[in-house]
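Step one of this worksheet: look at the structure below.
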Amino acid sequence: MDNIFEIPDKTGRRIKLTRTQFKHVICHKGMENEIEKIKDTLTNPLKIVPHEIGELYDYYNYYKDRKKKAKFLQVVVKYLNGNGFVITAYFVRSMR
């Protein structure tokens, strides 16, 4: 798999963003230039929220300088056998 990046998150677990998943991320308008914000959200999140089902987690960070109302970046990560993968990322108006 071709990775765009692989970094340790705030808890020290490794997370990667593959080129295939990045193609999904950029389906969300305005995300094509946000790789650094995705990395920042994984390494310095305001909050990490586990999903009820599966090994899915939402990482959140706040970007006050965004012109749009959705200022929280939500990065969804799936863990499989201890390895983390970015599933998608997009801006939302609030954390859940």
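Quick note on naming: the chains in the structure tokens go A, B, ... in the order shown, residues restart at 1 in each chain, and ligands are numbered from 1 in order of appearance.
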Tell me, as a PDB file with N, CA and C atoms, in the first residue's frame, which residues lie within 7 Å of Leu42 (chain A), counting only C-alpha atoms; anything in the same chain fewer than 4 positions away does not count.
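Here's the written file result.pdb:
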ATOM      1  N   ASP A   9       0.032   8.606  16.890  1.00  0.00           N
ATOM      2  CA  ASP A   9      -0.988   9.523  17.396  1.00  0.00           C
ATOM      3  C   ASP A   9      -0.605   9.968  18.800  1.00  0.00           C
ATOM      4  N   LYS A  10      -1.500  10.700  19.459  1.00  0.00           N
ATOM      5  CA  LYS A  10      -1.237  11.231  20.796  1.00  0.00           C
ATOM      6  C   LYS A  10      -0.927  10.113  21.798  1.00  0.00           C
ATOM      7  N   ILE A  38      -4.873  17.158   9.192  1.00  0.00           N
ATOM      8  CA  ILE A  38      -5.198  15.778   9.563  1.00  0.00           C
ATOM      9  C   ILE A  38      -4.111  15.232  10.485  1.00  0.00           C
ATOM     10  N   TYR A  59     -11.225  11.469  16.037  1.00  0.00           N
ATOM     11  CA  TYR A  59     -10.251  12.428  16.563  1.00  0.00           C
ATOM     12  C   TYR A  59     -10.741  13.807  16.154  1.00  0.00           C
TER      13      TYR A  59
END
**Study point:** DSSP alpha helix (DSSP H) residues within chain A, as a ChimeraX atom specification
**Key:** /A:19-25,35-43
Point to revise | All strand (DSSP E or B) residues (DSSP, backbone) inside chain A, as a ChimeraX atom specification | key: /A:3-8,14-18,47-50,56-62,72-80,83-92
Got time to write the residues from that selection, C-alpha atoms, as a PDB file, in the first residue's frame?
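After the write, part.pdb holds the following:
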ATOM      1  CA  ASN A   3       1.052   5.696   2.241  1.00  0.00           C
ATOM      2  CA  ILE A   4       0.750   9.463   2.203  1.00  0.00           C
ATOM      3  CA  PHE A   5       1.934   9.420   5.823  1.00  0.00           C
ATOM      4  CA  GLU A   6       2.381   7.185   8.843  1.00  0.00           C
ATOM      5  CA  ILE A   7       2.689   8.904  12.227  1.00  0.00           C
ATOM      6  CA  PRO A   8       2.217   8.108  15.913  1.00  0.00           C
ATOM      7  CA  ARG A  14       0.777   4.351  14.629  1.00  0.00           C
ATOM      8  CA  ILE A  15      -1.772   5.661  12.142  1.00  0.00           C
ATOM      9  CA  LYS A  16      -1.412   5.761   8.381  1.00  0.00           C
ATOM     10  CA  LEU A  17      -3.224   7.521   5.591  1.00  0.00           C
ATOM     11  CA  THR A  18      -3.081   5.552   2.349  1.00  0.00           C
ATOM     12  CA  LYS A  47     -10.787  14.871  22.022  1.00  0.00           C
ATOM     13  CA  ILE A  48     -10.768  11.191  20.965  1.00  0.00           C
ATOM     14  CA  VAL A  49     -14.211   9.542  20.947  1.00  0.00           C
ATOM     15  CA  PRO A  50     -14.606   5.763  20.530  1.00  0.00           C
ATOM     16  CA  LEU A  56     -13.392   3.079  15.239  1.00  0.00           C
ATOM     17  CA  TYR A  57     -12.388   6.375  16.844  1.00  0.00           C
ATOM     18  CA  ASP A  58     -13.142  10.012  16.048  1.00  0.00           C
ATOM     19  CA  TYR A  59     -10.251  12.428  16.563  1.00  0.00           C
ATOM     20  CA  TYR A  60     -11.234  16.097  16.808  1.00  0.00           C
ATOM     21  CA  ASN A  61      -9.385  19.369  16.609  1.00  0.00           C
ATOM     22  CA  TYR A  62     -10.591  22.978  16.382  1.00  0.00           C
ATOM     23  CA  PHE A  72     -13.860  21.126  14.015  1.00  0.00           C
ATOM     24  CA  LEU A  73     -11.870  18.635  11.966  1.00  0.00           C
ATOM     25  CA  GLN A  74     -13.135  15.092  12.567  1.00  0.00           C
ATOM     26  CA  VAL A  75     -10.741  12.323  11.542  1.00  0.00           C
ATOM     27  CA  VAL A  76     -12.180   8.801  11.670  1.00  0.00           C
ATOM     28  CA  VAL A  77      -9.595   6.094  12.425  1.00  0.00           C
ATOM     29  CA  LYS A  78     -10.020   2.318  12.358  1.00  0.00           C
ATOM     30  CA  TYR A  79      -7.674   0.046  14.288  1.00  0.00           C
ATOM     31  CA  LEU A  80      -7.001  -3.388  12.872  1.00  0.00           C
ATOM     32  CA  ASN A  83      -2.563  -0.661  13.301  1.00  0.00           C
ATOM     33  CA  GLY A  84      -4.494   2.557  12.745  1.00  0.00           C
ATOM     34  CA  PHE A  85      -5.850   3.679   9.399  1.00  0.00           C
ATOM     35  CA  VAL A  86      -7.528   6.970   8.530  1.00  0.00           C
ATOM     36  CA  ILE A  87     -10.945   6.029   7.128  1.00  0.00           C
ATOM     37  CA  THR A  88     -12.088   9.569   6.356  1.00  0.00           C
ATOM     38  CA  ALA A  89     -11.804  13.180   7.525  1.00  0.00           C
ATOM     39  CA  TYR A  90     -14.069  16.207   7.238  1.00  0.00           C
ATOM     40  CA  PHE A  91     -15.017  19.411   9.028  1.00  0.00           C
ATOM     41  CA  VAL A  92     -18.054  19.478  11.327  1.00  0.00           C
TER      42      VAL A  92
END
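Across the model, the gap from CA of Arg96 (chain A) to CA of Lys23 (chain A) is 24.9 Å.
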